[in-house]
file model19.pdb (PDB, C-alpha atoms)
MODEL        1
ATOM      1  CA  ASN A1030      77.211 -32.990  -5.758  1.00  0.00           C
ATOM      2  CA  ALA A1031      74.062 -33.588  -3.734  1.00  0.00           C
ATOM      3  CA  GLY A1032      74.462 -30.190  -2.013  1.00  0.00           C
ATOM      4  CA  VAL A1033      72.747 -29.992   1.367  1.00  0.00           C
ATOM      5  CA  THR A1034      70.507 -32.902   2.276  1.00  0.00           C
ATOM      6  CA  GLN A1035      68.076 -33.166   5.159  1.00  0.00           C
ATOM      7  CA  THR A1036      66.149 -36.090   6.553  1.00  0.00           C
ATOM      8  CA  PRO A1037      63.370 -36.685   7.254  1.00  0.00           C
ATOM      9  CA  LYS A1038      61.203 -34.413   5.082  1.00  0.00           C
ATOM     10  CA  PHE A1039      58.242 -34.738   7.421  1.00  0.00           C
ATOM     11  CA  GLN A1040      57.933 -35.856  11.037  1.00  0.00           C
ATOM     12  CA  VAL A1041      55.162 -35.995  13.616  1.00  0.00           C
ATOM     13  CA  LEU A1042      56.138 -36.320  17.256  1.00  0.00           C
ATOM     14  CA  LYS A1043      54.280 -36.505  20.517  1.00  0.00           C
ATOM     15  CA  THR A1044      55.126 -34.086  23.305  1.00  0.00           C
ATOM     16  CA  GLY A1045      58.128 -35.326  25.234  1.00  0.00           C
ATOM     17  CA  GLN A1046      59.578 -37.496  22.480  1.00  0.00           C
ATOM     18  CA  SER A1047      63.104 -36.917  21.271  1.00  0.00           C
ATOM     19  CA  MET A1048      64.460 -37.093  17.760  1.00  0.00           C
ATOM     20  CA  THR A1049      67.361 -36.069  15.555  1.00  0.00           C
ATOM     21  CA  LEU A1050      67.065 -34.082  12.342  1.00  0.00           C
ATOM     22  CA  GLN A1051      69.872 -35.010  10.005  1.00  0.00           C
ATOM     23  CA  CYS A1052      71.812 -32.579   7.820  1.00  0.00           C
ATOM     24  CA  ALA A1053      74.711 -33.360   5.533  1.00  0.00           C
ATOM     25  CA  GLN A1054      76.650 -31.464   2.866  1.00  0.00           C
ATOM     26  CA  ASP A1055      79.183 -32.701   0.349  1.00  0.00           C
ATOM     27  CA  MET A1056      80.753 -29.352  -0.589  1.00  0.00           C
ATOM     28  CA  ASN A1057      83.438 -29.351   2.141  1.00  0.00           C
ATOM     29  CA  HIS A1058      81.858 -26.258   3.664  1.00  0.00           C
ATOM     30  CA  GLU A1059      83.214 -25.071   6.994  1.00  0.00           C
ATOM     31  CA  TYR A1060      80.099 -23.226   8.094  1.00  0.00           C
ATOM     32  CA  MET A1061      76.801 -24.954   8.836  1.00  0.00           C
ATOM     33  CA  SER A1062      73.707 -23.680  10.551  1.00  0.00           C
ATOM     34  CA  TRP A1063      70.176 -24.603  11.562  1.00  0.00           C
ATOM     35  CA  TYR A1064      67.208 -22.266  11.191  1.00  0.00           C
ATOM     36  CA  ARG A1065      63.548 -22.581  11.985  1.00  0.00           C
ATOM     37  CA  GLN A1066      60.828 -20.912   9.945  1.00  0.00           C
ATOM     38  CA  ASP A1067      57.507 -20.026  11.526  1.00  0.00           C
ATOM     39  CA  PRO A1068      54.491 -18.312   9.930  1.00  0.00           C
ATOM     40  CA  GLY A1069      54.740 -14.530  10.050  1.00  0.00           C
ATOM     41  CA  MET A1070      58.358 -14.611  11.167  1.00  0.00           C
ATOM     42  CA  GLY A1071      61.645 -14.618   9.367  1.00  0.00           C
ATOM     43  CA  LEU A1072      63.959 -17.588   9.627  1.00  0.00           C
ATOM     44  CA  ARG A1073      65.670 -17.656  12.999  1.00  0.00           C
ATOM     45  CA  LEU A1074      69.046 -19.148  13.829  1.00  0.00           C
ATOM     46  CA  ILE A1075      69.034 -22.069  16.270  1.00  0.00           C
ATOM     47  CA  HIS A1076      72.665 -23.235  16.314  1.00  0.00           C
ATOM     48  CA  TYR A1077      75.660 -22.874  14.062  1.00  0.00           C
ATOM     49  CA  SER A1078      79.116 -24.351  13.545  1.00  0.00           C
ATOM     50  CA  VAL A1079      82.225 -22.784  12.024  1.00  0.00           C
ATOM     51  CA  GLY A1080      84.008 -26.115  11.681  1.00  0.00           C
ATOM     52  CA  ALA A1081      84.243 -29.666  12.967  1.00  0.00           C
ATOM     53  CA  GLY A1082      84.234 -29.742  16.753  1.00  0.00           C
ATOM     54  CA  ILE A1083      82.978 -26.152  17.100  1.00  0.00           C
ATOM     55  CA  THR A1084      79.354 -25.204  17.718  1.00  0.00           C
ATOM     56  CA  ASP A1085      77.598 -22.205  19.174  1.00  0.00           C
ATOM     57  CA  GLN A1086      74.130 -21.004  20.012  1.00  0.00           C
ATOM     58  CA  GLY A1087      72.029 -18.784  17.833  1.00  0.00           C
ATOM     59  CA  GLU A1088      68.963 -16.736  18.592  1.00  0.00           C
ATOM     60  CA  VAL A1089      66.617 -19.558  19.665  1.00  0.00           C
ATOM     61  CA  PRO A1090      68.705 -22.482  21.007  1.00  0.00           C
ATOM     62  CA  ASN A1091      66.533 -23.660  23.906  1.00  0.00           C
ATOM     63  CA  GLY A1092      65.344 -27.239  23.564  1.00  0.00           C
ATOM     64  CA  TYR A1093      67.882 -28.120  20.858  1.00  0.00           C
ATOM     65  CA  ASN A1094      71.352 -29.657  20.869  1.00  0.00           C
ATOM     66  CA  VAL A1095      73.889 -29.948  18.082  1.00  0.00           C
ATOM     67  CA  SER A1096      77.248 -31.549  17.478  1.00  0.00           C
ATOM     68  CA  ARG A1097      79.743 -31.395  14.609  1.00  0.00           C
ATOM     69  CA  SER A1098      81.998 -34.425  14.652  1.00  0.00           C
ATOM     70  CA  THR A1099      82.726 -34.256  10.922  1.00  0.00           C
ATOM     71  CA  THR A1100      82.806 -31.480   8.329  1.00  0.00           C
ATOM     72  CA  GLU A1101      79.938 -33.115   6.449  1.00  0.00           C
ATOM     73  CA  ASP A1102      77.325 -33.686   9.144  1.00  0.00           C
ATOM     74  CA  PHE A1103      75.492 -31.343  11.504  1.00  0.00           C
ATOM     75  CA  PRO A1104      72.576 -33.093  13.259  1.00  0.00           C
ATOM     76  CA  LEU A1105      70.010 -31.217  15.316  1.00  0.00           C
ATOM     77  CA  ARG A1106      68.586 -32.988  18.342  1.00  0.00           C
ATOM     78  CA  LEU A1107      65.286 -32.214  19.978  1.00  0.00           C
ATOM     79  CA  LEU A1108      65.659 -33.348  23.559  1.00  0.00           C
ATOM     80  CA  SER A1109      62.000 -33.374  24.660  1.00  0.00           C
ATOM     81  CA  ALA A1110      59.690 -32.149  21.933  1.00  0.00           C
ATOM     82  CA  ALA A1111      57.142 -29.450  22.715  1.00  0.00           C
ATOM     83  CA  PRO A1112      54.277 -28.083  20.569  1.00  0.00           C
ATOM     84  CA  SER A1113      56.188 -24.774  20.374  1.00  0.00           C
ATOM     85  CA  GLN A1114      58.808 -26.608  18.312  1.00  0.00           C
ATOM     86  CA  THR A1115      56.317 -27.243  15.527  1.00  0.00           C
ATOM     87  CA  SER A1116      58.032 -25.541  12.619  1.00  0.00           C
ATOM     88  CA  VAL A1117      59.903 -26.007   9.370  1.00  0.00           C
ATOM     89  CA  TYR A1118      63.607 -26.559   9.935  1.00  0.00           C
ATOM     90  CA  PHE A1119      66.274 -25.623   7.429  1.00  0.00           C
ATOM     91  CA  CYS A1120      69.909 -26.551   7.456  1.00  0.00           C
ATOM     92  CA  ALA A1121      72.313 -24.319   5.537  1.00  0.00           C
ATOM     93  CA  SER A1122      75.993 -24.335   4.704  1.00  0.00           C
ATOM     94  CA  SER A1123      78.542 -21.981   3.205  1.00  0.00           C
ATOM     95  CA  ARG A1124      82.244 -22.002   2.493  1.00  0.00           C
ATOM     96  CA  THR A1125      83.034 -19.958   5.583  1.00  0.00           C
ATOM     97  CA  SER A1126      81.076 -17.866   8.029  1.00  0.00           C
ATOM     98  CA  GLY A1127      81.314 -14.855   5.756  1.00  0.00           C
ATOM     99  CA  GLY A1128      84.312 -12.661   6.295  1.00  0.00           C
ATOM    100  CA  ALA A1129      84.136  -9.186   4.829  1.00  0.00           C
ATOM    101  CA  ARG A1130      81.899 -10.042   1.898  1.00  0.00           C
ATOM    102  CA  GLY A1131      79.928 -13.093   2.827  1.00  0.00           C
ATOM    103  CA  TYR A1132      79.604 -16.296   0.905  1.00  0.00           C
ATOM    104  CA  GLU A1133      76.717 -17.915  -0.913  1.00  0.00           C
ATOM    105  CA  GLN A1134      74.440 -19.855   1.363  1.00  0.00           C
ATOM    106  CA  PHE A1135      73.167 -23.291   0.346  1.00  0.00           C
ATOM    107  CA  PHE A1136      69.967 -24.498   1.975  1.00  0.00           C
ATOM    108  CA  GLY A1137      68.612 -27.979   2.446  1.00  0.00           C
ATOM    109  CA  PRO A1138      65.031 -28.806   1.386  1.00  0.00           C
ATOM    110  CA  GLY A1139      63.681 -28.469   4.920  1.00  0.00           C
ATOM    111  CA  THR A1140      62.057 -30.741   7.490  1.00  0.00           C
ATOM    112  CA  ARG A1141      58.434 -30.075   8.422  1.00  0.00           C
ATOM    113  CA  LEU A1142      58.000 -31.055  12.074  1.00  0.00           C
ATOM    114  CA  THR A1143      54.708 -31.252  13.929  1.00  0.00           C
ATOM    115  CA  VAL A1144      54.635 -31.832  17.682  1.00  0.00           C
ATOM    116  CA  LEU A1145      51.286 -32.926  19.065  1.00  0.00           C
TER     117      LEU A1145
ATOM    118  CA  LYS B 957      70.434  -7.109  16.811  1.00  0.00           C
ATOM    119  CA  ASN B 958      69.865  -6.056  13.255  1.00  0.00           C
ATOM    120  CA  GLU B 959      66.261  -5.369  12.313  1.00  0.00           C
ATOM    121  CA  VAL B 960      65.485  -6.299   8.726  1.00  0.00           C
ATOM    122  CA  GLU B 961      62.310  -4.891   7.208  1.00  0.00           C
ATOM    123  CA  GLN B 962      60.911  -5.835   3.824  1.00  0.00           C
ATOM    124  CA  SER B 963      58.222  -4.122   1.814  1.00  0.00           C
ATOM    125  CA  PRO B 964      55.735  -4.835   0.568  1.00  0.00           C
ATOM    126  CA  GLN B 965      54.708  -7.933   2.536  1.00  0.00           C
ATOM    127  CA  ASN B 966      52.437  -9.059  -0.285  1.00  0.00           C
ATOM    128  CA  LEU B 967      52.443  -8.097  -3.944  1.00  0.00           C
ATOM    129  CA  THR B 968      50.167  -9.213  -6.771  1.00  0.00           C
ATOM    130  CA  ALA B 969      50.992  -8.061 -10.271  1.00  0.00           C
ATOM    131  CA  GLN B 970      50.211  -8.868 -13.883  1.00  0.00           C
ATOM    132  CA  GLU B 971      52.567 -10.751 -16.130  1.00  0.00           C
ATOM    133  CA  GLY B 972      55.051  -8.395 -17.746  1.00  0.00           C
ATOM    134  CA  GLU B 973      55.076  -5.807 -14.991  1.00  0.00           C
ATOM    135  CA  PHE B 974      58.268  -4.418 -13.452  1.00  0.00           C
ATOM    136  CA  ILE B 975      58.533  -5.556  -9.830  1.00  0.00           C
ATOM    137  CA  THR B 976      60.431  -3.903  -6.983  1.00  0.00           C
ATOM    138  CA  ILE B 977      60.895  -5.403  -3.519  1.00  0.00           C
ATOM    139  CA  ASN B 978      62.619  -3.365  -0.844  1.00  0.00           C
ATOM    140  CA  CYS B 979      64.749  -4.298   2.135  1.00  0.00           C
ATOM    141  CA  SER B 980      66.064  -2.001   4.859  1.00  0.00           C
ATOM    142  CA  TYR B 981      68.171  -2.854   7.872  1.00  0.00           C
ATOM    143  CA  SER B 982      69.101  -1.015  11.030  1.00  0.00           C
ATOM    144  CA  VAL B 983      72.775  -1.826  11.641  1.00  0.00           C
ATOM    145  CA  GLY B 984      75.804  -1.876   9.369  1.00  0.00           C
ATOM    146  CA  ILE B 985      76.434  -5.140   7.551  1.00  0.00           C
ATOM    147  CA  SER B 986      79.181  -6.869   5.587  1.00  0.00           C
ATOM    148  CA  ALA B 987      76.886  -8.452   2.982  1.00  0.00           C
ATOM    149  CA  LEU B 988      73.256  -8.922   2.020  1.00  0.00           C
ATOM    150  CA  HIS B 989      71.556 -11.925   0.463  1.00  0.00           C
ATOM    151  CA  TRP B 990      68.417 -12.140  -1.625  1.00  0.00           C
ATOM    152  CA  LEU B 991      66.772 -15.558  -1.453  1.00  0.00           C
ATOM    153  CA  GLN B 992      63.817 -17.124  -3.235  1.00  0.00           C
ATOM    154  CA  GLN B 993      61.459 -19.627  -1.648  1.00  0.00           C
ATOM    155  CA  HIS B 994      58.933 -21.416  -3.832  1.00  0.00           C
ATOM    156  CA  PRO B 995      55.738 -23.064  -2.583  1.00  0.00           C
ATOM    157  CA  GLY B 996      56.880 -26.408  -1.235  1.00  0.00           C
ATOM    158  CA  GLY B 997      59.608 -24.675   0.664  1.00  0.00           C
ATOM    159  CA  GLY B 998      63.021 -24.913  -0.963  1.00  0.00           C
ATOM    160  CA  ILE B 999      65.218 -21.837  -0.512  1.00  0.00           C
ATOM    161  CA  VAL B1000      67.564 -20.750  -3.269  1.00  0.00           C
ATOM    162  CA  SER B1001      70.183 -18.017  -3.175  1.00  0.00           C
ATOM    163  CA  LEU B1002      69.620 -15.378  -5.867  1.00  0.00           C
ATOM    164  CA  PHE B1003      72.219 -12.755  -5.034  1.00  0.00           C
ATOM    165  CA  MET B1004      74.838 -11.910  -2.503  1.00  0.00           C
ATOM    166  CA  LEU B1005      76.107  -8.348  -2.565  1.00  0.00           C
ATOM    167  CA  SER B1006      78.070  -5.942  -0.444  1.00  0.00           C
ATOM    168  CA  SER B1007      78.019  -2.903  -2.734  1.00  0.00           C
ATOM    169  CA  GLY B1008      76.600  -1.615  -5.997  1.00  0.00           C
ATOM    170  CA  LYS B1009      74.463  -3.698  -8.287  1.00  0.00           C
ATOM    171  CA  LYS B1010      74.243  -7.239  -9.657  1.00  0.00           C
ATOM    172  CA  LYS B1011      72.207  -8.590 -12.543  1.00  0.00           C
ATOM    173  CA  HIS B1012      71.227 -12.125 -13.416  1.00  0.00           C
ATOM    174  CA  GLY B1013      68.826 -12.591 -16.282  1.00  0.00           C
ATOM    175  CA  ARG B1014      65.676 -10.612 -15.478  1.00  0.00           C
ATOM    176  CA  LEU B1015      66.677 -10.057 -11.868  1.00  0.00           C
ATOM    177  CA  ILE B1016      68.589  -7.025 -10.630  1.00  0.00           C
ATOM    178  CA  ALA B1017      69.713  -6.370  -7.067  1.00  0.00           C
ATOM    179  CA  THR B1018      71.068  -3.097  -5.744  1.00  0.00           C
ATOM    180  CA  ILE B1019      72.376  -2.028  -2.387  1.00  0.00           C
ATOM    181  CA  ASN B1020      73.067   1.383  -0.826  1.00  0.00           C
ATOM    182  CA  ILE B1021      75.282   0.798   2.186  1.00  0.00           C
ATOM    183  CA  GLN B1022      75.048   4.397   3.421  1.00  0.00           C
ATOM    184  CA  GLU B1023      71.245   4.329   3.393  1.00  0.00           C
ATOM    185  CA  LYS B1024      71.093   0.723   4.686  1.00  0.00           C
ATOM    186  CA  HIS B1025      68.761  -0.262   1.881  1.00  0.00           C
ATOM    187  CA  SER B1026      68.586  -2.835  -0.880  1.00  0.00           C
ATOM    188  CA  SER B1027      66.143  -3.467  -3.695  1.00  0.00           C
ATOM    189  CA  LEU B1028      65.354  -6.498  -5.806  1.00  0.00           C
ATOM    190  CA  HIS B1029      63.883  -5.801  -9.234  1.00  0.00           C
ATOM    191  CA  ILE B1030      62.254  -8.239 -11.619  1.00  0.00           C
ATOM    192  CA  THR B1031      61.836  -7.106 -15.198  1.00  0.00           C
ATOM    193  CA  ALA B1032      59.184  -8.602 -17.527  1.00  0.00           C
ATOM    194  CA  SER B1033      57.693 -10.606 -14.666  1.00  0.00           C
ATOM    195  CA  HIS B1034      56.312 -14.079 -15.342  1.00  0.00           C
ATOM    196  CA  PRO B1035      54.003 -16.390 -13.370  1.00  0.00           C
ATOM    197  CA  ARG B1036      57.000 -18.637 -12.608  1.00  0.00           C
ATOM    198  CA  ASP B1037      58.456 -15.725 -10.609  1.00  0.00           C
ATOM    199  CA  SER B1038      55.658 -16.254  -8.059  1.00  0.00           C
ATOM    200  CA  ALA B1039      57.441 -17.054  -4.805  1.00  0.00           C
ATOM    201  CA  VAL B1040      58.481 -15.596  -1.475  1.00  0.00           C
ATOM    202  CA  TYR B1041      61.527 -13.337  -1.734  1.00  0.00           C
ATOM    203  CA  ILE B1042      63.615 -13.042   1.392  1.00  0.00           C
ATOM    204  CA  CYS B1043      66.267 -10.512   2.299  1.00  0.00           C
ATOM    205  CA  ALA B1044      68.968 -11.602   4.770  1.00  0.00           C
ATOM    206  CA  VAL B1045      71.961  -9.709   6.129  1.00  0.00           C
ATOM    207  CA  VAL B1046      75.415 -10.739   7.316  1.00  0.00           C
ATOM    208  CA  GLY B1047      76.609  -8.833  10.373  1.00  0.00           C
ATOM    209  CA  SER B1048      79.604  -6.546  10.132  1.00  0.00           C
ATOM    210  CA  GLY B1049      81.504  -8.958  12.347  1.00  0.00           C
ATOM    211  CA  GLY B1050      81.642 -11.427   9.483  1.00  0.00           C
ATOM    212  CA  GLY B1051      78.526 -13.446   9.990  1.00  0.00           C
ATOM    213  CA  ALA B1052      79.739 -16.268  12.200  1.00  0.00           C
ATOM    214  CA  ASP B1053      76.521 -15.842  14.150  1.00  0.00           C
ATOM    215  CA  GLY B1054      74.421 -16.471  11.078  1.00  0.00           C
ATOM    216  CA  LEU B1055      72.117 -14.427   8.924  1.00  0.00           C
ATOM    217  CA  THR B1056      69.324 -12.126  10.062  1.00  0.00           C
ATOM    218  CA  PHE B1057      66.273 -12.502   7.863  1.00  0.00           C
ATOM    219  CA  GLY B1058      63.395 -10.321   6.841  1.00  0.00           C
ATOM    220  CA  LYS B1059      59.915 -11.832   6.962  1.00  0.00           C
ATOM    221  CA  GLY B1060      59.715 -12.132   3.202  1.00  0.00           C
ATOM    222  CA  THR B1061      57.641 -10.680   0.384  1.00  0.00           C
ATOM    223  CA  HIS B1062      54.944 -12.908  -1.088  1.00  0.00           C
ATOM    224  CA  LEU B1063      54.857 -12.230  -4.834  1.00  0.00           C
ATOM    225  CA  ILE B1064      52.106 -13.492  -7.116  1.00  0.00           C
ATOM    226  CA  ILE B1065      52.341 -12.857 -10.855  1.00  0.00           C
ATOM    227  CA  GLN B1066      49.033 -13.412 -12.621  1.00  0.00           C
ATOM    228  CA  PRO B1067      48.932 -14.413 -16.307  1.00  0.00           C
TER     229      PRO B1067
ENDMDL
END
call {"tool": "encode", "arguments": {"input": "model19.pdb", "output": "structure tokens"}}
result
Amino acid sequence: NAGVTQTPKFQVLKTGQSMTLQCAQDMNHEYMSWYRQDPGMGLRLIHYSVGAGITDQGEVPNGYNVSRSTTEDFPLRLLSAAPSQTSVYFCASSRTSGGARGYEQFFGPGTRLTVL
Amino acid sequence: KNEVEQSPQNLTAQEGEFITINCSYSVGISALHWLQQHPGGGIVSLFMLSSGKKKHGRLIATINIQEKHSSLHITASHPRDSAVYICAVVGSGGGADGLTFGKGTHLIIQP
């Protein structure tokens, strides 16, 4: 199993450009999520999905879109990049959203995005 | 919104020392995760617990649900334990809205 994969590893954008960060998992996990990590702050949830065809907003969704057409893939789209979106982005998956006990979270390697 | 506080923020210790990292949260949860992030960024799950204590090798995690507090202990610390340790909680509703993270504890173990 490859686990959770993310592409690209690094990306530099100019303000106003759009792009898609790719995330895929091969563990048949229902739950997938996107987080951003900024210096001095904990990881913050951008969007999440509890299954194919179902997505919802997290804590910081503005400027980002997601879709979940398959169980495996959960791309994150930046519609019009802004310098405030400079961050490290992590995709994560788990068997389900958690239930009473929670389930182990698997993280991708991250994408380091710089917006100039 | 759950507030997750970790202490200390930074910790430097000598090889062999016993390490304790603390995590407290403000609202009841269904589970708590301890994660490790090495320089270069990858995040790995160390423990997930909802009660009591878990042990894996030199790592021990405990949680006190009533006191809303968890600790991560490292026995016989080694330079390879140098990393950022992150506490994250799953809401009592089951966690569909994701984890809430602490800001992390930067641990450096000197030889």
call {"tool": "interface_residues", "arguments": {"input": "model19.pdb", "of": "chain A", "to": "chain B", "cutoff": "12 Å", "atoms": "only C-alpha atoms", "output": "PyMOL selection string"}}
result
chain A and resi 1032-1035+1038+1059-1080+1083-1089+1117-1141
call {"tool": "closest_residue", "arguments": {"input": "model19.pdb", "among": "B:Thr1018, B:Thr1031, B:Thr1061, B:Asn958", "to": "Tyr981 in chain B", "atoms": "all atoms listed in the file"}}
result
B:Asn958
call {"tool": "atom_distance", "arguments": {"input": "model19.pdb", "atom1": "CA of Asn1094 in chain A", "atom2": "CA of Gln1046 in chain A"}}
result
14.2 Å
call {"tool": "atom_distance", "arguments": {"input": "model19.pdb", "atom1": "CA of Glu971 in chain B", "atom2": "CA of Arg1014 in chain B"}}
result
13.1 Å
call {"tool": "residues_around", "arguments": {"input": "model19.pdb", "residues": "Asp1102 in chain A", "least_positions_apart": "5", "cutoff": "10 Å", "atoms": "all atoms listed in the file", "output": "list in words"}}
result
Val1033, Thr1034, Gln1051, Cys1052, Ala1053, Gln1054, Asp1055, Met1061, Ala1081, Ser1096 and Arg1097 of chain A
call {"tool": "atom_distance", "arguments": {"input": "model19.pdb", "atom1": "CA of Arg1106 in chain A", "atom2": "CA of Met1056 in chain A"}}
result
22.8 Å
call {"tool": "resolve_selection", "arguments": {"input": "model19.pdb", "expression": "the PyMOL selection byres ((chain B and resi 995) around 12)", "output": "ChimeraX atom specification"}}
result
/A:1138 /B:992-994,996-999,1036-1041,1062-1064
call {"tool": "resolve_selection", "arguments": {"input": "model19.pdb", "expression": "the PyMOL selection byres ((chain B and resi 977) around 7)", "output": "PyMOL selection string"}}
result
chain B and resi 963-964+975-976+978-979+1027-1029
call {"tool": "write_last_selection", "arguments": {"input": "model19.pdb", "atoms": "C-alpha atoms", "output": "tab-separated table (two decimals), in the coordinates of the input"}}
result
chain	number	residue	atom	x	y	z
B	963	SER	CA	58.22	-4.12	1.81
B	964	PRO	CA	55.74	-4.84	0.57
B	975	ILE	CA	58.53	-5.56	-9.83
B	976	THR	CA	60.43	-3.90	-6.98
B	978	ASN	CA	62.62	-3.36	-0.84
B	979	CYS	CA	64.75	-4.30	2.13
B	1027	SER	CA	66.14	-3.47	-3.70
B	1028	LEU	CA	65.35	-6.50	-5.81
B	1029	HIS	CA	63.88	-5.80	-9.23
call {"tool": "decode", "arguments": {"input": "model19.pdb", "residues": "range 989-1004 of chain B", "atoms": "N, CA, C and O atoms", "output": "PDB file, in the first residue's frame"}}
result
ATOM      1  N   HIS B 989      -5.382  11.985  19.869  1.00  0.00           N
ATOM      2  CA  HIS B 989      -4.258  11.449  19.110  1.00  0.00           C
ATOM      3  C   HIS B 989      -2.964  12.132  19.548  1.00  0.00           C
ATOM      4  O   HIS B 989      -2.948  13.336  19.793  1.00  0.00           O
ATOM      5  N   TRP B 990      -1.902  11.365  19.590  1.00  0.00           N
ATOM      6  CA  TRP B 990      -0.554  11.928  19.660  1.00  0.00           C
ATOM      7  C   TRP B 990       0.130  11.638  18.327  1.00  0.00           C
ATOM      8  O   TRP B 990       0.147  10.495  17.851  1.00  0.00           O
ATOM      9  N   LEU B 991       0.694  12.694  17.748  1.00  0.00           N
ATOM     10  CA  LEU B 991       1.330  12.625  16.438  1.00  0.00           C
ATOM     11  C   LEU B 991       2.773  13.088  16.554  1.00  0.00           C
ATOM     12  O   LEU B 991       3.110  13.882  17.442  1.00  0.00           O
ATOM     13  N   GLN B 992       3.602  12.603  15.631  1.00  0.00           N
ATOM     14  CA  GLN B 992       5.004  13.010  15.594  1.00  0.00           C
ATOM     15  C   GLN B 992       5.306  13.579  14.225  1.00  0.00           C
ATOM     16  O   GLN B 992       4.953  12.974  13.207  1.00  0.00           O
ATOM     17  N   GLN B 993       5.966  14.734  14.208  1.00  0.00           N
ATOM     18  CA  GLN B 993       6.342  15.359  12.941  1.00  0.00           C
ATOM     19  C   GLN B 993       7.839  15.631  12.956  1.00  0.00           C
ATOM     20  O   GLN B 993       8.344  16.406  13.753  1.00  0.00           O
ATOM     21  N   HIS B 994       8.554  14.958  12.045  1.00  0.00           N
ATOM     22  CA  HIS B 994       9.993  15.133  11.955  1.00  0.00           C
ATOM     23  C   HIS B 994      10.321  16.311  11.059  1.00  0.00           C
ATOM     24  O   HIS B 994       9.501  16.704  10.209  1.00  0.00           O
ATOM     25  N   PRO B 995      11.542  16.874  11.211  1.00  0.00           N
ATOM     26  CA  PRO B 995      11.982  17.907  10.271  1.00  0.00           C
ATOM     27  C   PRO B 995      11.844  17.377   8.852  1.00  0.00           C
ATOM     28  O   PRO B 995      12.175  16.231   8.579  1.00  0.00           O
ATOM     29  N   GLY B 996      11.318  18.195   7.946  1.00  0.00           N
ATOM     30  CA  GLY B 996      11.022  17.658   6.622  1.00  0.00           C
ATOM     31  C   GLY B 996       9.554  17.371   6.492  1.00  0.00           C
ATOM     32  O   GLY B 996       9.040  17.228   5.397  1.00  0.00           O
ATOM     33  N   GLY B 997       8.844  17.319   7.635  1.00  0.00           N
ATOM     34  CA  GLY B 997       7.410  17.533   7.613  1.00  0.00           C
ATOM     35  C   GLY B 997       6.469  16.380   7.790  1.00  0.00           C
ATOM     36  O   GLY B 997       5.348  16.602   8.183  1.00  0.00           O
ATOM     37  N   GLY B 998       6.887  15.125   7.518  1.00  0.00           N
ATOM     38  CA  GLY B 998       5.908  14.056   7.559  1.00  0.00           C
ATOM     39  C   GLY B 998       5.301  13.878   8.940  1.00  0.00           C
ATOM     40  O   GLY B 998       5.972  14.033   9.958  1.00  0.00           O
ATOM     41  N   ILE B 999       4.003  13.576   8.985  1.00  0.00           N
ATOM     42  CA  ILE B 999       3.298  13.407  10.253  1.00  0.00           C
ATOM     43  C   ILE B 999       2.924  11.942  10.403  1.00  0.00           C
ATOM     44  O   ILE B 999       2.316  11.348   9.503  1.00  0.00           O
ATOM     45  N   VAL B1000       3.256  11.400  11.575  1.00  0.00           N
ATOM     46  CA  VAL B1000       3.007   9.989  11.842  1.00  0.00           C
ATOM     47  C   VAL B1000       2.173   9.869  13.113  1.00  0.00           C
ATOM     48  O   VAL B1000       2.414  10.576  14.086  1.00  0.00           O
ATOM     49  N   SER B1001       1.198   8.980  13.092  1.00  0.00           N
ATOM     50  CA  SER B1001       0.378   8.748  14.269  1.00  0.00           C
ATOM     51  C   SER B1001       1.131   7.862  15.251  1.00  0.00           C
ATOM     52  O   SER B1001       1.625   6.789  14.888  1.00  0.00           O
ATOM     53  N   LEU B1002       1.238   8.312  16.507  1.00  0.00           N
ATOM     54  CA  LEU B1002       1.892   7.518  17.542  1.00  0.00           C
ATOM     55  C   LEU B1002       0.870   6.727  18.357  1.00  0.00           C
ATOM     56  O   LEU B1002       1.032   5.535  18.594  1.00  0.00           O
ATOM     57  N   PHE B1003      -0.140   7.428  18.833  1.00  0.00           N
ATOM     58  CA  PHE B1003      -1.157   6.821  19.673  1.00  0.00           C
ATOM     59  C   PHE B1003      -2.516   7.432  19.375  1.00  0.00           C
ATOM     60  O   PHE B1003      -2.612   8.580  18.992  1.00  0.00           O
ATOM     61  N   MET B1004      -3.524   6.603  19.598  1.00  0.00           N
ATOM     62  CA  MET B1004      -4.885   7.104  19.654  1.00  0.00           C
ATOM     63  C   MET B1004      -5.493   6.485  20.901  1.00  0.00           C
ATOM     64  O   MET B1004      -5.428   5.268  21.069  1.00  0.00           O
TER      65      MET B1004
END
